[in-house]
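Please read the structure below before turning to the comments.
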Amino acid sequence: MSRAEADAALARLRDERERISAALLELEAHHGYQLLDGASLDGETRRVQSEVRAGVASLWTLFDVYGRVLGAAEELRSRHAKPGQAQLTELTRLLAGPSVELPAEEVPLERRTLLSVPSGERLTLREAVERMTPLYEEAARTVAALDAVWSALLSRLAEVEAERRAAEELLESLDGAEPDLDRLRADLDAVAVVVRADPMALARDGQVDTTRLDEIRTGIAEVRRGLEEAERLRDGFADRIRGVASVLDLLREAEAAARRARHEVLAKIVAPALPDLPETSAALADRLTAVGRPARDGAWNDLAARVADLEKAANDALERARDAAGVISGLLDRREELRGRLEGYRAKAARLGHAEDAELARIHEQARELLWTSPCDLRSATVALAGYQQAINSRAKGVDR
């Protein structure tokens, strides 16, 4: 190399050294590398950790040797403002020749002799960079992939643990016990160990598998909702009990109305098809008595479930009782509807000039007797009314012609 060539090479290599140093420091400062470097790991993640550590150690070893050679060239150049041929030859060897001697690899015992000295490989500065490049790229890819998996898992784990803490605080405020939460807490602790010690065990083809964490979170959220309901029950216990009692009062009224309607229908309608008469108010009242006292020994969560079940049962029973009363009363409403239609048809016959029609009078009287006789045969009355309507319509057509 000429002096100008040597100076140009030194300038380029100084810049290269700074960029390599910055890249290595950035790699070690990466969040994923920090997690990996400081963790006690197991399984697949421990294997990855070992490979990354070995790769980064090789990188720094190569860079250190590379830097020492470049430093020797810089020191030589700084001592000679006008380097002669000997100095230029040495600069050329350092900057372009196989001047980077790698540490000797360990020679297996069976290959050594008593006086053997293992020798290392020699590279040029350019070859050293080429050797470092794939090591860096592989370490960077591995660290980035691990960071993505680990960050996603740790984030989801933090969410589930926050859900667990919320449930635990509720349970503590209720001074109770919750076996489901104990089970889910044990499951979460087991998964947390895997997340922190071997996150790669929960990755498939680079994708994070959070299925188990999601299932645990769903379970804890369900427990938490139950505990919140227990807390609401505790804080508004008297109002909730009064509310159930009010529904039961309405239920008794609805059942009584259904019974009265049933008795009336049985007396006024022939062979009615009646729904089963609901009689649940007494049993529900017994359940209300059983839950009507505040919980003891912190059993609010169990009591909350029982009160919620009772509220639902009472409201469902009230709806069924009202429906039954409506169906039963509907038979009497049907009779009144048929009576009204009969009178309407008679008025129509009169408008058509058939008020004195003996046949129509006979059919009308037959239908009327069926509808005003108690008990009323609704089926026969309906048939008779249809016959009366048909007879009137046939006479109306004769008038039109």
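Convention: chains lettered A, B, ... in structure tokens order; per-chain residue numbering from 1; ligands numbered from 1 as shown.
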
- Query: Excluding same-chain residues fewer than 2 positions from Ser99 (chain A), what lies within 7 Å of it counting only C-alpha atoms, as a ChimeraX atom specification?
  - Reply: /A:69,93-94,97,101,122-124

So that I have them on file, write out the residues from the current selection with C-alpha atoms, as a PDB file, in the first residue's frame.
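Generated file (part35.pdb):
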ATOM      1  CA  VAL A  69      -5.008  -5.510  14.979  1.00  0.00           C
ATOM      2  CA  ARG A  93       0.167  -6.789   6.397  1.00  0.00           C
ATOM      3  CA  LEU A  94      -1.967  -5.494   9.254  1.00  0.00           C
ATOM      4  CA  GLY A  97      -3.063  -9.522   5.202  1.00  0.00           C
ATOM      5  CA  GLU A 101      -5.138 -14.623  14.677  1.00  0.00           C
ATOM      6  CA  ARG A 122      -5.528 -16.465  10.743  1.00  0.00           C
ATOM      7  CA  LEU A 123      -7.889 -14.094   8.923  1.00  0.00           C
ATOM      8  CA  THR A 124      -7.701 -10.722   7.247  1.00  0.00           C
TER       9      THR A 124
END

- Message: Residues of region 18-207 of chain A classed as alpha helix (DSSP H) by DSSP on the backbone are to be reported as a ChimeraX atom specification.
- Response: /A:18-29,31-38,43-79,85-96,125-174,179-197

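Each of A:Thr373, A:Ser21, A:Gln207, A:Gln366 was checked against Val149 (chain A) using only C-alpha atoms; the smallest atom-to-atom distance is that of A:Gln207.
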
- CA of Leu371 (chain A) to CA of Arg341 (chain A): how many Å, to one decimal? 11.0 Å

- Would you kindly return, as a PyMOL selection string, each protein, DNA or RNA residue with an atom no farther than 8 Å from any atom of region 151-156 of chain A, considering only C-alpha atoms and excluding same-chain residues fewer than 6 positions away? chain A and resi 195-196+199+208+210+213

Saved selection, atoms kept: all heavy atoms, as a PDB file, in the first residue's frame:
ATOM      1  N   VAL A 195     -43.836 -19.759  31.455  1.00  0.00           N
ATOM      2  CA  VAL A 195     -43.684 -18.483  30.750  1.00  0.00           C
ATOM      3  C   VAL A 195     -42.340 -17.841  31.094  1.00  0.00           C
ATOM      4  O   VAL A 195     -41.648 -17.326  30.210  1.00  0.00           O
ATOM      5  CB  VAL A 195     -44.840 -17.522  31.107  1.00  0.00           C
ATOM      6  CG1 VAL A 195     -44.544 -16.109  30.611  1.00  0.00           C
ATOM      7  CG2 VAL A 195     -46.145 -18.030  30.501  1.00  0.00           C
ATOM      8  N   ARG A 196     -41.970 -17.899  32.345  1.00  0.00           N
ATOM      9  CA  ARG A 196     -40.747 -17.215  32.769  1.00  0.00           C
ATOM     10  C   ARG A 196     -39.492 -18.044  32.521  1.00  0.00           C
ATOM     11  O   ARG A 196     -38.420 -17.483  32.305  1.00  0.00           O
ATOM     12  CB  ARG A 196     -40.853 -16.847  34.250  1.00  0.00           C
ATOM     13  CG  ARG A 196     -41.948 -15.818  34.529  1.00  0.00           C
ATOM     14  CD  ARG A 196     -41.907 -15.325  35.973  1.00  0.00           C
ATOM     15  NE  ARG A 196     -42.829 -14.206  36.155  1.00  0.00           N
ATOM     16  CZ  ARG A 196     -44.031 -14.314  36.699  1.00  0.00           C
ATOM     17  NH1 ARG A 196     -44.461 -15.491  37.106  1.00  0.00           N
ATOM     18  NH2 ARG A 196     -44.820 -13.257  36.818  1.00  0.00           N
ATOM     19  N   PRO A 199     -40.279 -19.897  27.761  1.00  0.00           N
ATOM     20  CA  PRO A 199     -41.344 -19.353  26.907  1.00  0.00           C
ATOM     21  C   PRO A 199     -41.417 -20.022  25.538  1.00  0.00           C
ATOM     22  O   PRO A 199     -42.495 -20.111  24.957  1.00  0.00           O
ATOM     23  CB  PRO A 199     -40.976 -17.867  26.787  1.00  0.00           C
ATOM     24  CG  PRO A 199     -39.516 -17.808  27.110  1.00  0.00           C
ATOM     25  CD  PRO A 199     -39.287 -18.878  28.129  1.00  0.00           C
ATOM     26  N   VAL A 208     -47.198 -17.337  19.199  1.00  0.00           N
ATOM     27  CA  VAL A 208     -47.397 -17.545  20.638  1.00  0.00           C
ATOM     28  C   VAL A 208     -48.691 -18.306  20.892  1.00  0.00           C
ATOM     29  O   VAL A 208     -49.738 -17.985  20.332  1.00  0.00           O
ATOM     30  CB  VAL A 208     -47.442 -16.186  21.369  1.00  0.00           C
ATOM     31  CG1 VAL A 208     -47.625 -16.401  22.860  1.00  0.00           C
ATOM     32  CG2 VAL A 208     -46.161 -15.412  21.107  1.00  0.00           C
ATOM     33  N   THR A 210     -51.260 -18.841  23.573  1.00  0.00           N
ATOM     34  CA  THR A 210     -51.748 -18.332  24.866  1.00  0.00           C
ATOM     35  C   THR A 210     -53.037 -19.022  25.299  1.00  0.00           C
ATOM     36  O   THR A 210     -53.745 -18.521  26.168  1.00  0.00           O
ATOM     37  CB  THR A 210     -51.997 -16.810  24.782  1.00  0.00           C
ATOM     38  OG1 THR A 210     -53.010 -16.555  23.782  1.00  0.00           O
ATOM     39  CG2 THR A 210     -50.727 -16.071  24.408  1.00  0.00           C
ATOM     40  N   LEU A 213     -53.370 -19.724  29.090  1.00  0.00           N
ATOM     41  CA  LEU A 213     -53.528 -18.462  29.826  1.00  0.00           C
ATOM     42  C   LEU A 213     -54.911 -17.873  29.609  1.00  0.00           C
ATOM     43  O   LEU A 213     -55.536 -17.358  30.552  1.00  0.00           O
ATOM     44  CB  LEU A 213     -52.458 -17.471  29.381  1.00  0.00           C
ATOM     45  CG  LEU A 213     -51.052 -17.651  29.976  1.00  0.00           C
ATOM     46  CD1 LEU A 213     -50.070 -16.710  29.293  1.00  0.00           C
ATOM     47  CD2 LEU A 213     -51.054 -17.412  31.478  1.00  0.00           C
TER      48      LEU A 213
END

- Task: Would you list, as a PyMOL selection string, the residues of region 177-388 of chain A that end up in strand (DSSP E or B) under DSSP run on this structure's backbone?
- Result: chain A and resi 203-204+207-208+269+376

- What lies within 12 Å of Asp182 (chain A) using only C-alpha atoms, ignoring chain neighbours under 3 positions off, as a count of residues only? 17

- With a distance cut-off of 12 Å and only C-alpha atoms, select the neighbouring residues of Glu336 (chain A), excluding the residue or stretch itself and same-chain residues fewer than 3 positions from it, and output the selection as a ChimeraX atom specification. /A:268-269,329-333,339-343,368,371-372,376,378,381-382

Kindly export the residues of the current selection with C-alpha atoms, as a CSV table (one decimal), in the first residue's frame.
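That gives us part-v2.csv:
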chain,number,residue,atom,x,y,z
A,268,LYS,CA,-118.6,-23.0,32.1
A,269,ILE,CA,-116.7,-24.9,29.4
A,329,SER,CA,-109.0,-17.2,30.9
A,330,GLY,CA,-108.6,-17.3,27.1
A,331,LEU,CA,-111.2,-20.0,26.9
A,332,LEU,CA,-113.8,-17.7,28.5
A,333,ASP,CA,-112.7,-14.9,26.2
A,339,ARG,CA,-121.2,-14.7,21.4
A,340,GLY,CA,-120.4,-11.3,19.9
A,341,ARG,CA,-119.9,-12.8,16.4
A,342,LEU,CA,-123.3,-14.5,16.7
A,343,GLU,CA,-125.0,-11.2,17.4
A,368,ARG,CA,-127.2,-19.3,20.8
A,371,LEU,CA,-123.1,-20.5,23.6
A,372,TRP,CA,-125.4,-19.5,26.5
A,376,CYS,CA,-120.5,-24.4,27.0
A,378,LEU,CA,-117.0,-24.5,22.5
A,381,ALA,CA,-120.7,-23.8,19.2
A,382,THR,CA,-117.9,-22.9,16.8

- May I have the residues within 6 Å of region 234-250 of chain A as a VMD selection string, using only C-alpha atoms and disregarding those fewer than 3 positions away in the same chain? chain A and resid 231 253 311

- Message: I'd like to know which of A:Ala290, A:Ala261, A:Val160, A:Ala6 is closest to Lys82 (chain A), using only C-alpha atoms.
- Response: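 Under the stated criterion, the closest residue is A:Ala6.
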